[in-house]
Every structure is written in structure tokens, then in C-alpha cells.
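Next comes my_file.txt, a file with compact mmCIF, C-alpha atoms.
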# COMPACT_ATOMS: atom_id res chain seq x y z
CA MET A 1 0.00 0.00 0.00
CA SER A 2 1.57 3.26 -1.05
CA GLU A 3 1.10 6.26 1.15
CA THR A 4 2.34 9.73 0.59
CA PRO A 5 1.91 12.36 3.27
CA ALA A 6 -0.50 15.04 2.15
CA SER A 7 1.98 17.74 3.14
CA THR A 8 4.36 16.70 0.37
CA THR A 9 1.74 17.14 -2.33
CA SER A 10 3.25 20.03 -4.23
CA SER A 11 1.21 23.00 -5.29
CA LEU A 12 1.98 22.06 -8.89
CA GLN A 13 0.33 18.69 -8.43
CA GLN A 14 -2.63 20.22 -6.70
CA VAL A 15 -3.07 22.74 -9.49
CA ARG A 16 -2.82 19.94 -12.04
CA GLN A 17 -5.51 17.92 -10.31
CA HIS A 18 -7.80 20.91 -10.02
CA ILE A 19 -7.30 21.70 -13.70
CA VAL A 20 -8.21 18.19 -14.77
CA ALA A 21 -11.30 18.22 -12.58
CA LEU A 22 -12.31 21.59 -13.99
CA LEU A 23 -11.53 20.86 -17.67
CA PRO A 24 -15.09 20.32 -18.91
CA ARG A 25 -16.15 23.59 -17.31
CA LEU A 26 -13.14 25.45 -18.67
CA ARG A 27 -14.20 24.35 -22.13
CA ARG A 28 -17.76 25.46 -21.54
CA PHE A 29 -16.60 28.84 -20.25
CA GLY A 30 -14.30 29.14 -23.27
CA ARG A 31 -17.17 28.38 -25.63
CA ALA A 32 -19.33 30.99 -23.95
CA ILE A 33 -16.77 33.79 -24.15
CA THR A 34 -14.99 33.17 -27.48
CA ARG A 35 -18.01 32.40 -29.70
CA ASN A 36 -15.99 29.77 -31.53
CA ALA A 37 -15.19 26.16 -30.58
CA SER A 38 -11.64 26.09 -31.85
CA ASP A 39 -10.75 29.43 -30.23
CA ALA A 40 -12.34 28.13 -27.04
CA ASP A 41 -10.09 25.09 -26.76
CA ASP A 42 -7.04 27.14 -27.74
CA LEU A 43 -7.89 29.53 -24.96
CA VAL A 44 -8.27 26.68 -22.47
CA GLN A 45 -4.88 25.34 -23.51
CA ILE A 46 -3.21 28.71 -23.07
CA ALA A 47 -4.84 29.10 -19.66
CA ILE A 48 -3.66 25.65 -18.57
CA GLU A 49 -0.10 26.45 -19.59
CA ARG A 50 -0.18 29.77 -17.78
CA ALA A 51 -1.71 28.22 -14.66
CA LEU A 52 1.01 25.56 -14.49
CA LEU A 53 3.71 28.19 -14.92
CA ARG A 54 2.21 30.28 -12.13
CA HIS A 55 1.03 27.47 -9.90
CA GLU A 56 2.68 29.05 -6.87
CA GLN A 57 0.37 32.05 -7.13
CA TRP A 58 -2.70 30.00 -6.33
CA ARG A 59 -3.64 30.19 -2.65
CA PRO A 60 -5.39 26.99 -1.56
CA GLU A 61 -7.77 28.98 0.64
CA ALA A 62 -9.22 30.70 -2.44
CA PRO A 63 -11.60 28.80 -4.74
CA PHE A 64 -9.58 27.27 -7.54
CA HIS A 65 -12.19 27.97 -10.18
CA SER A 66 -12.14 31.73 -9.54
CA TRP A 67 -8.37 31.76 -10.01
CA MET A 68 -8.51 29.62 -13.13
CA PHE A 69 -11.40 31.48 -14.77
CA GLY A 70 -9.48 34.68 -14.03
CA ILE A 71 -6.47 33.34 -15.93
CA MET A 72 -8.73 32.47 -18.85
CA ARG A 73 -10.30 35.90 -18.79
CA ASN A 74 -6.88 37.58 -18.87
CA ALA A 75 -5.74 35.34 -21.70
CA TRP A 76 -8.86 36.24 -23.64
CA ILE A 77 -8.35 39.97 -23.11
CA ASP A 78 -4.71 39.65 -24.20
CA GLU A 79 -5.82 37.83 -27.31
CA ALA A 80 -8.48 40.39 -28.17
CA ARG A 81 -5.88 43.17 -27.83
CA ALA A 82 -3.32 41.30 -29.90
CA ARG A 83 -5.86 40.76 -32.65
CA SER A 84 -6.90 44.36 -32.76
CA ARG A 85 -3.22 45.39 -32.96
CA ARG A 86 -2.77 43.03 -35.87
CA GLY A 87 -5.90 44.47 -37.42
CA GLN A 88 -7.28 40.98 -37.47
CA VAL A 89 -10.98 40.42 -37.40
CA LEU A 90 -12.23 38.16 -34.66
CA ALA A 91 -13.08 34.70 -35.86
CA PRO A 92 -16.63 34.57 -37.16
CA GLU A 93 -19.14 32.98 -34.89
CA GLU A 94 -20.02 29.42 -35.67
CA ALA A 95 -23.52 29.56 -34.38
CA GLY A 96 -26.00 28.69 -37.05
CA LEU A 97 -23.51 27.72 -39.73
CA ASP A 98 -24.23 24.02 -39.82
CA VAL A 99 -27.94 24.08 -39.24
CA GLY A 100 -30.39 23.44 -42.01
CA ASP A 101 -33.99 24.50 -42.33
CA ASN A 102 -35.18 21.42 -40.51
CA ALA A 103 -33.50 22.26 -37.23
CA SER A 104 -35.97 21.67 -34.44
CA GLU A 105 -37.49 24.52 -32.55
CA ALA A 106 -35.45 23.60 -29.49
CA GLN A 107 -32.24 23.72 -31.52
CA GLN A 108 -33.20 27.06 -32.97
CA ARG A 109 -33.74 28.31 -29.45
CA LEU A 110 -30.29 27.16 -28.34
CA LEU A 111 -28.71 28.77 -31.36
CA SER A 112 -30.45 32.04 -30.77
CA VAL A 113 -29.24 31.98 -27.16
CA GLN A 114 -25.67 31.40 -28.34
CA LYS A 115 -26.01 34.15 -30.91
CA ALA A 116 -27.38 36.58 -28.38
CA MET A 117 -24.46 35.77 -26.06
CA ALA A 118 -22.01 36.38 -28.90
CA SER A 119 -23.49 39.82 -29.51
CA LEU A 120 -22.75 41.08 -25.98
CA PRO A 121 -19.74 43.28 -25.25
CA ASP A 122 -16.87 41.24 -23.77
CA GLU A 123 -17.23 42.50 -20.23
CA GLN A 124 -20.94 41.71 -20.06
CA ARG A 125 -20.43 38.33 -21.69
CA LEU A 126 -17.76 37.42 -19.13
CA ALA A 127 -20.02 38.37 -16.22
CA VAL A 128 -22.98 36.45 -17.64
CA ALA A 129 -20.84 33.39 -18.41
CA LEU A 130 -19.37 33.22 -14.91
CA VAL A 131 -22.57 33.74 -12.95
CA LEU A 132 -25.33 32.33 -15.13
CA ILE A 133 -23.47 29.54 -16.91
CA GLU A 134 -20.69 28.58 -14.52
CA GLY A 135 -22.76 29.27 -11.43
CA LEU A 136 -20.18 31.34 -9.57
CA SER A 137 -21.35 33.56 -6.74
CA TYR A 138 -21.14 37.31 -7.31
CA LYS A 139 -18.12 37.42 -5.01
CA GLU A 140 -16.29 34.65 -6.85
CA ALA A 141 -17.10 36.13 -10.24
CA ALA A 142 -15.92 39.58 -9.14
CA GLU A 143 -12.65 38.02 -7.98
CA ALA A 144 -12.18 36.18 -11.26
CA LEU A 145 -12.77 39.38 -13.21
CA ASP A 146 -10.77 41.46 -10.74
CA VAL A 147 -13.50 44.09 -10.37
CA PRO A 148 -15.58 45.29 -7.40
CA ILE A 149 -18.85 43.48 -6.80
CA GLY A 150 -20.86 46.55 -7.82
CA THR A 151 -19.17 46.55 -11.20
CA LEU A 152 -19.85 42.86 -11.62
CA THR A 153 -23.55 43.19 -10.78
CA SER A 154 -24.07 46.14 -13.09
CA ARG A 155 -22.38 44.31 -16.00
CA LEU A 156 -24.46 41.27 -15.21
CA ALA A 157 -27.66 43.33 -15.14
CA ARG A 158 -26.90 45.02 -18.45
CA GLY A 159 -25.90 41.74 -20.09
CA ARG A 160 -29.02 40.06 -18.84
CA GLU A 161 -31.26 42.83 -20.07
CA ALA A 162 -29.69 42.76 -23.53
CA LEU A 163 -30.08 38.98 -23.74
CA GLN A 164 -33.69 39.07 -22.61
CA LYS A 165 -34.47 41.76 -25.13
CA GLN A 166 -33.01 39.71 -27.96
CA LEU A 167 -34.67 36.49 -26.93
CA GLU A 168 -38.18 37.71 -26.33
CA MET B 169 -43.52 47.04 -2.21
CA GLN B 170 -41.14 48.03 -4.98
CA PHE B 171 -37.95 46.15 -5.72
CA SER B 172 -35.29 47.20 -8.17
CA ASP B 173 -34.56 44.85 -11.00
CA GLU B 174 -31.08 44.36 -9.62
CA THR B 175 -32.54 43.16 -6.33
CA LEU B 176 -34.80 40.71 -8.12
CA MET B 177 -31.84 39.44 -10.14
CA ALA B 178 -29.90 38.93 -6.94
CA TYR B 179 -32.87 37.03 -5.56
CA ALA B 180 -33.03 34.81 -8.64
CA ASP B 181 -29.27 34.24 -8.30
CA GLY B 182 -29.55 33.22 -4.67
CA GLU B 183 -27.48 36.18 -3.51
CA LEU B 184 -29.80 37.79 -0.98
CA ASP B 185 -29.80 37.36 2.77
CA ALA B 186 -32.67 35.58 4.46
CA ASP B 187 -34.52 38.74 5.54
CA LEU B 188 -34.69 40.29 2.11
CA ARG B 189 -35.51 36.92 0.62
CA ARG B 190 -38.53 36.58 2.87
CA GLU B 191 -39.67 40.11 1.99
CA ILE B 192 -39.50 39.30 -1.69
CA GLU B 193 -41.29 36.01 -1.26
CA ALA B 194 -44.07 37.77 0.62
CA ALA B 195 -44.30 40.38 -2.14
CA MET B 196 -44.32 37.66 -4.81
CA ALA B 197 -47.34 36.05 -3.21
CA LEU B 198 -49.25 39.32 -3.46
CA ASP B 199 -48.00 40.55 -6.81
CA PRO B 200 -47.72 38.12 -9.71
CA ALA B 201 -45.75 40.73 -11.69
CA ILE B 202 -42.85 40.32 -9.28
CA ALA B 203 -42.96 36.55 -9.61
CA GLU B 204 -42.99 36.96 -13.37
CA ARG B 205 -39.92 39.19 -13.39
CA ILE B 206 -38.04 36.68 -11.26
CA GLY B 207 -39.27 33.92 -13.54
CA ARG B 208 -37.72 35.70 -16.53
CA HIS B 209 -34.35 35.82 -14.79
CA ARG B 210 -34.51 32.15 -13.97
CA GLN B 211 -35.58 31.29 -17.48
CA LEU B 212 -32.55 33.07 -18.90
CA ARG B 213 -30.24 31.08 -16.65
CA ALA B 214 -31.96 27.87 -17.78
CA ASP B 215 -31.67 28.89 -21.45
CA LEU B 216 -27.98 29.65 -21.11
CA GLY B 217 -27.41 26.38 -19.30
CA ALA B 218 -29.17 24.47 -22.06
CA ALA B 219 -27.25 26.30 -24.80
CA PHE B 220 -23.77 25.77 -23.38
CA GLY B 221 -24.25 22.70 -21.16
CA PRO B 222 -23.70 20.13 -23.92
CA VAL B 223 -20.03 21.18 -24.10
CA LEU B 224 -19.56 19.32 -20.82
CA ASP B 225 -20.44 16.02 -22.44
CA GLU B 226 -18.22 16.37 -25.47
CA PRO B 227 -15.15 14.12 -25.66
CA MET B 228 -12.15 15.80 -24.07
CA PRO B 229 -9.50 16.71 -26.65
CA ALA B 230 -6.28 14.87 -25.89
CA ARG B 231 -4.26 18.05 -26.33
CA LEU B 232 -5.92 19.61 -23.31
CA LEU B 233 -5.18 16.56 -21.17
CA ASP B 234 -1.63 16.62 -22.47
CA ALA B 235 -1.35 20.30 -21.58
CA ALA B 236 -2.55 19.57 -18.04
CA ALA B 237 -0.07 16.71 -17.66
CA ALA B 238 2.88 18.59 -19.20
CA SER B 239 5.71 19.93 -17.13
CA PRO B 240 5.64 23.72 -17.05
CA ALA B 241 9.44 23.80 -17.32
CA SER B 242 9.40 21.87 -20.58
CA LYS B 243 7.41 24.57 -22.31
CA HIS B 244 9.68 26.31 -24.72
CA ALA B 245 7.17 27.36 -27.31
CA SER B 246 5.49 30.72 -26.94
CA VAL B 247 2.05 30.34 -25.52
CA THR B 248 1.14 33.98 -25.60
CA ASP B 249 -1.54 33.93 -28.21
CA LEU B 250 -3.98 31.71 -29.98
CA ASN B 251 -1.89 31.49 -33.11
CA ALA B 252 0.86 29.75 -31.18
CA ALA B 253 -1.62 27.37 -29.67
CA ARG B 254 -3.13 26.69 -33.04
CA SER B 255 0.14 25.84 -34.72
CA ALA B 256 1.01 23.61 -31.76
CA LYS B 257 -2.29 21.88 -32.29
CA GLN B 258 -1.59 21.35 -35.98
CA ARG B 259 1.74 19.77 -35.13
CA ALA B 260 0.20 17.41 -32.66
CA VAL B 261 -1.40 14.52 -34.47
CA SER B 262 -3.65 12.86 -31.99
CA PRO B 263 -6.58 10.80 -33.17
CA ARG B 264 -7.59 9.92 -29.63
CA LYS B 265 -10.90 11.06 -28.29
CA GLY B 266 -11.74 11.05 -24.65
CA TRP B 267 -9.70 9.73 -21.79
CA SER B 268 -7.26 6.96 -22.31
CA TRP B 269 -6.21 4.68 -19.54
CA ARG B 270 -2.65 5.96 -19.61
CA GLU B 271 -3.81 9.54 -19.30
CA TRP B 272 -5.79 8.73 -16.22
CA GLY B 273 -2.74 7.00 -14.81
CA ALA B 274 -0.42 9.85 -15.61
CA ILE B 275 -2.67 12.43 -14.09
CA ALA B 276 -3.34 10.67 -10.83
CA ALA B 277 -1.08 12.26 -8.31
CA SER B 278 -0.26 11.80 -4.69
CA MET B 279 -3.29 11.49 -2.47
CA VAL B 280 -3.39 9.87 0.91
CA ILE B 281 -5.40 6.75 0.57
CA GLY B 282 -5.86 3.18 1.48
CA VAL B 283 -7.65 0.75 -0.75
CA LEU B 284 -9.97 -1.58 0.99
CA ALA B 285 -10.74 -4.35 -1.42
CA GLY B 286 -13.13 -7.23 -1.51
CA ARG B 287 -14.41 -8.65 1.72
CA THR B 288 -12.40 -6.68 4.23
CA ALA B 289 -14.49 -5.21 6.98
CA LEU B 290 -15.41 -1.83 5.71
CA GLN B 291 -17.76 0.78 6.98
CA PRO B 292 -18.18 3.41 4.35
CA ALA B 293 -19.16 6.75 5.76
CA ARG B 294 -21.71 7.51 3.05
CA SER B 295 -24.06 4.66 3.67
CA ASP B 296 -26.55 6.13 1.23
CA LEU B 297 -24.10 5.21 -1.53
CA PHE B 298 -22.97 1.81 -0.25
CA ALA B 299 -24.70 -1.19 1.23
CA THR B 300 -22.99 -4.07 2.98
CA SER B 301 -24.27 -7.50 2.09
CA ALA B 302 -23.06 -11.06 2.60
CA ALA B 303 -21.30 -10.81 -0.73
CA GLY B 304 -19.41 -7.65 0.24
CA ILE B 305 -20.13 -4.04 -0.52
CA VAL B 306 -22.50 -3.02 -3.23
CA ALA B 307 -23.28 0.39 -4.66
CA ARG B 308 -26.70 1.81 -3.98
CA GLY B 309 -28.67 4.99 -4.52
CA GLU B 310 -27.09 7.72 -6.55
CA LEU B 311 -23.86 5.77 -7.01
CA SER B 312 -25.63 2.70 -8.35
CA ALA B 313 -27.70 4.86 -10.70
CA ALA B 314 -24.62 6.66 -11.98
CA LEU B 315 -22.73 3.40 -12.56
CA THR B 316 -25.66 2.08 -14.56
CA ASP B 317 -26.60 5.23 -16.46
CA GLN B 318 -23.57 7.44 -17.04
CA VAL B 319 -21.71 6.99 -20.29
CA GLY B 320 -18.82 9.10 -21.51
CA GLY B 321 -15.69 9.99 -19.56
CA THR B 322 -16.33 13.66 -19.07
CA MET B 323 -19.91 13.51 -17.96
CA GLN B 324 -21.05 14.23 -14.48
CA ARG B 325 -24.50 14.08 -13.00
CA GLY B 326 -25.05 14.95 -9.41
CA ASN B 327 -22.22 14.10 -7.07
CA VAL B 328 -20.85 11.04 -8.81
CA HIS B 329 -18.34 11.05 -11.61
CA ILE B 330 -17.83 7.87 -13.59
CA GLY B 331 -14.41 7.53 -15.21
CA LEU B 332 -13.12 4.39 -16.86
CA THR B 333 -15.07 1.35 -17.93
CA PHE B 334 -13.19 -1.92 -18.40
CA ARG B 335 -13.61 -5.68 -18.06
CA ASP B 336 -12.11 -8.01 -15.52
CA ARG B 337 -10.75 -11.50 -16.24
CA GLU B 338 -14.24 -13.00 -16.06
CA GLY B 339 -15.40 -10.45 -18.62
CA GLN B 340 -17.53 -8.57 -16.13
CA TYR B 341 -17.89 -4.85 -16.65
CA CYS B 342 -16.21 -2.64 -14.09
CA ARG B 343 -16.36 1.12 -13.73
CA THR B 344 -14.37 3.61 -11.70
CA PHE B 345 -16.15 6.32 -9.75
CA VAL B 346 -15.35 9.42 -7.77
CA THR B 347 -17.89 10.88 -5.37
CA THR B 348 -17.50 13.89 -3.14
CA SER B 349 -16.23 11.63 -0.36
CA ALA B 350 -14.84 8.47 -1.92
CA ALA B 351 -13.27 6.93 -5.00
CA GLY B 352 -12.97 3.38 -6.23
CA PHE B 353 -14.36 0.96 -8.74
CA ALA B 354 -17.23 -1.47 -8.90
CA CYS B 355 -17.99 -4.44 -11.14
CA ARG B 356 -21.33 -5.69 -12.40
CA GLU B 357 -22.25 -8.97 -10.73
CA ASP B 358 -25.72 -10.49 -10.37
CA ASN B 359 -27.37 -7.23 -11.43
CA THR B 360 -25.65 -5.21 -8.73
CA TRP B 361 -22.50 -3.10 -8.70
CA LYS B 362 -20.11 -4.82 -6.36
CA VAL B 363 -17.48 -2.47 -4.99
CA ARG B 364 -14.07 -4.01 -5.48
CA ALA B 365 -11.93 -1.12 -4.32
CA LEU B 366 -12.83 1.90 -2.30
CA ASN B 367 -10.98 4.65 -0.60
CA GLU B 368 -12.18 7.44 1.54
CA PRO B 369 -10.24 10.51 2.56
CA VAL B 370 -7.98 10.27 5.54
CA PRO B 371 -9.16 12.34 8.50
CA GLY B 372 -7.17 15.53 8.90
CA GLN B 373 -6.81 16.21 5.22
CA PRO B 374 -8.04 19.61 4.13
CA SER B 375 -11.71 19.39 3.45
CA GLY B 376 -13.68 21.22 0.84
CA GLU B 377 -15.26 20.90 -2.50
CA TYR B 378 -12.07 19.86 -4.26
CA ARG B 379 -10.86 17.41 -1.69
CA MET B 380 -11.25 14.50 -4.03
CA ALA B 381 -10.18 16.66 -6.94
CA GLY B 382 -13.35 15.86 -8.81
CA THR B 383 -12.42 13.21 -11.30
CA VAL B 384 -8.96 12.10 -10.25
CA LEU B 385 -8.50 8.56 -9.05
CA PRO B 386 -6.04 7.99 -6.23
CA PRO B 387 -2.97 5.95 -7.23
CA ALA B 388 -3.86 2.93 -5.09
CA VAL B 389 -7.22 2.70 -6.82
CA LEU B 390 -5.45 2.97 -10.16
CA THR B 391 -3.14 0.15 -9.14
CA ALA B 392 -6.12 -1.98 -8.17
CA VAL B 393 -7.75 -1.15 -11.51
CA GLU B 394 -4.61 -2.13 -13.36
CA ASP B 395 -4.52 -5.46 -11.52
CA THR B 396 -8.13 -6.17 -12.44
CA MET B 397 -8.36 -4.85 -15.96
CA THR B 398 -8.16 -7.15 -18.96
CA GLY B 399 -7.68 -5.55 -22.35
CA GLU B 400 -8.30 -1.89 -23.07
CA ALA B 401 -10.74 0.47 -21.41
CA LEU B 402 -14.02 0.83 -23.27
CA ASP B 403 -14.60 3.82 -25.49
CA GLN B 404 -17.85 5.73 -25.44
CA GLU B 405 -19.56 3.62 -28.08
CA GLN B 406 -18.63 0.41 -26.35
CA GLU B 407 -19.91 1.85 -23.08
CA GLN B 408 -23.22 2.64 -24.74
CA ALA B 409 -23.45 -0.87 -26.16
CA ALA B 410 -22.71 -2.38 -22.75
CA ARG B 411 -25.29 -0.17 -21.10
CA ALA B 412 -27.84 -1.26 -23.67
CA ARG B 413 -27.24 -4.83 -22.48
CA ASP B 414 -27.62 -3.66 -18.89
CA TRP B 415 -23.90 -4.35 -18.33
CA ASN B 416 -24.55 -8.05 -18.72
CA ASN B 417 -21.42 -9.81 -19.98
CA LYS B 418 -23.23 -12.80 -21.41
So that I can check it, write out the structure of this file as C-alpha cells.
Amino acid sequence: MSETPASTTSSLQQVRQHIVALLPRLRRFGRAITRNASDADDLVQIAIERALLRHEQWRPEAPFHSWMFGIMRNAWIDEARARSRRGQVLAPEEAGLDVGDNASEAQQRLLSVQKAMASLPDEQRLAVALVLIEGLSYKEAAEALDVPIGTLTSRLARGREALQKQLE
Amino acid sequence: MQFSDETLMAYADGELDADLRREIEAAMALDPAIAERIGRHRQLRADLGAAFGPVLDEPMPARLLDAAAASPASKHASVTDLNAARSAKQRAVSPRKGWSWREWGAIAASMVIGVLAGRTALQPARSDLFATSAAGIVARGELSAALTDQVGGTMQRGNVHIGLTFRDREGQYCRTFVTTSAAGFACREDNTWKVRALNEPVPGQPSGEYRMAGTVLPPAVLTAVEDTMTGEALDQEQEQAARARDWNNK
């Protein structure tokens, strides 16, 4: 029977385990903020690499997901800036591309939700994705976005209003 | 009673304290318009969940698992933008979908555990997930349902995550599981899931939501799996086929 004292578990290993456990949600968050499946996984990969490089910055008393979503958010902002410097247009949204006329009503609904999400300004989309899709508390989401709670709630309120307007 | 939309959003998001919550609930009972506004907020959350939730069940790209298992020091390529990631992806030829056995093994890291296998006297703490019978320990409740129903390595329903599916020497189907308080594997025998290996966290370890690290199997469980497994782990299609036969190996 192999036993390793918990105290020797390095922060790198802990971060690795947390990342693996969180992977499906990182992909979902990526999909919600990038509007494009291939960008989403690229973003997740970048965030994983950054998190492993900076594993010592994670404090175990803070929720891992807030830290990790924060890294993804920063990576996404960096990417958006880099693209605008290069004069590159953001990748077109995929929503709706592969759906024929016979898509069911339910599918149409999902696509229109994705489309509405894609139309939001970045900061509102990030707030909506963290709270309404990833289920973070306001406090956790504000930490991940590195903004005061009041800023988070007002972005969330505006994002929500815009989505509801488009979907009704 | 008037409430701002932001307050009603906070109510729908479960962010209000008990006093304000009670006030709103009282107001809702009197004024259907308030209930309707809250209903809209909840509907939006449900719509977003439905639109993006399916991503969770998609097969996990091997490159992301590789990235999580890679050593940070070995990274020499620039990872500063998506173009770099994209060209790295194009270099990596990986036809694998989902979790391979080796990946699970590589990712499992040091956790304090003890495997209690077979007939050893064992008193699992979560008795709503395990039952002790003459034949040993069998899964029950949510765990039994998850072992029977869940297919696909990245899927999670409730508090149980099912990982690998494989066959033992007798050809019986076995599946690994991680719950919020235990990890192990169980094999299908006589229409029940008999628990062959189980570990529960050692007292004194830090507690919390990530204590079991979600989907990661402790090394001693992996060793027990390796000792039991014959052939390769099942892929998603094979899991579906086995489920369709109710995990009967005949």
C-alpha cells in the first residue's frame, strides 16, 4: 500500500488535479466567451499552460475555479488586444452555420441563445458566463474578473437585459 | 412594495440574505408581476445552461489533457496567443478522443489513501451510496444509478463522476467512480454493482469541494484497476453498447 503524506503534495500537483477536474467547465466557459469552438479550446490550452507556470500564485484557501477562470479571462483579453493590434478580425461565430432548415425549434432556441451571447460586449459576456453559466457567486465572479462586486452586478444586469431583449 | 430589477436578479441568483428573501417572497405572493420578473431571470439562466451545457459532455480533446499533464518547465514554445496554440495543435497529431487509460494514470497524483478491497471489513461513511451484504459491498442509490446510467468519460450528473469502464478476467464490466467523499471501482455482478476497491479521505486532510479533486483517481485505486483490468478500457460507443445490455457480460 503506497502512502504519501499530504503535506508533500506540491502546489503544482494540486493545481494539475484541479485543472483536470475543472476541464469540462473550462471548455464550456471558453465556448461561452470566445463564440468559436476552436478558439475556445485554444484559450483553455493557453490558460492551462499559464496556470502551471504560475502554480505558486494560487492560494489553496481561495476557490480554484475563480483563479482559473481569471487566468482564462486575462488570456482572452490579451488575445483580443493582440488581434486588434494586428488588425485581425475576430473569428466569425459558428452559431447557425451548420444548421439546415429542418432544425428543431429547441435547436433554434439554443442557437439564438448562443447568438445573443455572442453579440454582448466582452465584459458583459464574461459576467454572464461566470454567474449564469458557470454558477459562480457574485463574489467569486468579481474576484475572477478582478472588479468590485458593484461593477460585476451592473455588468451582469446590463448583459441580462440585452439577452432578454433579444430572446423575447 | 417596490424592488429594483437588480434586487430581483440577486434574488433569482440566490445572492440575498434571508430577511430580504422573505420580503420578496411575501411580495411575490401578493403581486404576480414580481414573480414573473423573477421567472424571466430564472428562465434566462436555464436557457444559457441548455445552450452551453452540452459542451460538458463532449469528448475531451487529448491536447488539453496533455497540456494539463505537461511539465511547465518543458514549455519552450510561446504560448502567448492563440496562433501559437493553433500551430502547436496542428503539429500534434492525436486521433484519440476522450480519456485513455494511460492519461488517467499519468494524471493521478499523490493522495493519501488506502484501498480496501473485496471482503475486508469496511464501513463506508456515506451509507446512502454503499450497502454491505453477505457478498461484500454493493453500490446503492445515486452511485448505483450513476454506474448504470452514465456513459462518456467527461460527464457528471449529481455528485458522482464515472471515469473508466473496463472488463475483468471474467469479462464482467467494471467502472471507476469518484464521489464527493470516496473513489474506487465497482464491477457488475448479479445485477448489482459490487465495490471491489474503495478509498475514503484520511481524517485531517483539508476538506472542501475539491478534496477528491473531482475526477482524479487515487494511485492505489489505479493500481487496483490495473490489476483487475483485462484488455483496453471501453470507449464511449462500447460503453453505450454495454449499457444497452444492462452491463450483462453474457
Tell me, counting all atoms listed in the file, for each residue of chain A within 8 Å of chain B, which pair of atoms is nearest and how far apart they are in Å to one decimal, in rows ordered by chain and increasing number, as CSV.
residue,atom,partner,partner_atom,distance
A:Met1,CA,B:Gly282,CA,6.8
A:Ser2,CA,B:Ala388,CA,6.8
A:Glu3,CA,B:Val280,CA,5.8
A:Thr4,CA,B:Val280,CA,5.7
A:Pro5,CA,B:Val280,CA,6.3
A:Ala6,CA,B:Val280,CA,6.1
A:Thr9,CA,B:Ser278,CA,6.2
A:Gln13,CA,B:Ala277,CA,6.6
A:Arg16,CA,B:Ala236,CA,6.0
A:Gln17,CA,B:Ala381,CA,5.9
A:His18,CA,B:Ala381,CA,5.8
A:Ile19,CA,B:Ala236,CA,6.8
A:Val20,CA,B:Ala236,CA,6.7
A:Ala21,CA,B:Gly382,CA,4.9
A:Leu22,CA,B:Gly382,CA,7.8
A:Pro24,CA,B:Leu224,CA,5.0
A:Arg25,CA,B:Leu224,CA,6.5
A:Arg27,CA,B:Val223,CA,6.9
A:Arg28,CA,B:Val223,CA,5.5
A:Arg31,CA,B:Phe220,CA,7.4
A:Ala32,CA,B:Phe220,CA,6.9
A:Asp39,CA,B:Leu250,CA,7.1
A:Asp41,CA,B:Leu232,CA,7.7
A:Asp42,CA,B:Ala253,CA,5.8
A:Leu43,CA,B:Leu250,CA,6.7
A:Val44,CA,B:Leu232,CA,7.5
A:Gln45,CA,B:Leu232,CA,5.8
A:Ile46,CA,B:Val247,CA,6.0
A:Ile48,CA,B:Ala236,CA,6.2
A:Glu49,CA,B:Ala235,CA,6.6
A:Leu52,CA,B:Pro240,CA,5.6
A:Leu53,CA,B:Pro240,CA,5.3
A:Ala75,CA,B:Asp249,CA,7.9
A:Asp78,CA,B:Asp249,CA,7.7
A:Glu79,CA,B:Asp249,CA,5.9
A:Ala82,CA,B:Asp249,CA,7.8
A:Leu110,CA,B:Ala219,CA,4.7
A:Leu111,CA,B:Ala219,CA,7.2
A:Val113,CA,B:Ala219,CA,6.5
A:Gln114,CA,B:Ala219,CA,6.4
A:Leu132,CA,B:Arg213,CA,5.3
A:Ile133,CA,B:Gly217,CA,5.6
A:Ser137,CA,B:Glu183,CA,7.4
A:Tyr138,CA,B:Glu183,CA,7.5
A:Thr153,CA,B:Glu174,CA,7.7
A:Ala157,CA,B:Glu174,CA,6.6
A:Arg160,CA,B:Leu212,CA,7.8
A:Gln164,CA,B:Leu212,CA,7.1
How many Å separate atom CA of A:Leu23 from atom CA of B:Ala365?
25.7 Å
Residues near A:Ala116, anyone? I mean within 8 Å using all atoms listed in the file, not counting same-chain ones fewer than 5 positions away, as a ChimeraX atom specification.
/A:163,166-167
Could you please take those selected residues and save C-alpha atoms as a PDB file, in the frame of the given file?
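selection-v5.pdb, written as the output of this step:
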ATOM      1  CA  LEU A 163     -30.080  38.980 -23.740  1.00  0.00           C
ATOM      2  CA  GLN A 166     -33.010  39.710 -27.960  1.00  0.00           C
ATOM      3  CA  LEU A 167     -34.670  36.490 -26.930  1.00  0.00           C
TER       4      LEU A 167
END
Among listed residues B:Ala180, B:Pro386, B:Asp185, B:Leu366, nearest A:Gly135 (using only C-alpha atoms):
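So, comparing all the options, the nearest one is B:Ala180.
You will find atom CA of A:Arg59 at 18.1 Å from atom CA of A:Asn74.
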What does the distance between atom CA of B:His329 and atom CA of B:Val346 come to in Å, to one decimal place?
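Here the two named atoms are 5.1 Å from each other.
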Given the point (-21.0, 39.3, -22.6) in the file's coordinates, find the residues that have an atom at most 10 Å from it, counting all atoms listed in the file, and give them as a ChimeraX atom specification.
/A:32-34,116-130,155-156,158-160,162-163
All residues 7 Å or closer to stretch 399-402 of chain B, only C-alpha atoms, same chain fewer than 5 positions away omitted, as a PDB file with C-alpha atoms, in the frame of the given file:
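So around22.pdb came out as:
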ATOM      1  CA  TRP B 269      -6.210   4.680 -19.540  1.00  0.00           C
ATOM      2  CA  LEU B 332     -13.120   4.390 -16.860  1.00  0.00           C
ATOM      3  CA  THR B 333     -15.070   1.350 -17.930  1.00  0.00           C
ATOM      4  CA  PHE B 334     -13.190  -1.920 -18.400  1.00  0.00           C
ATOM      5  CA  GLU B 407     -19.910   1.850 -23.080  1.00  0.00           C
TER       6      GLU B 407
END
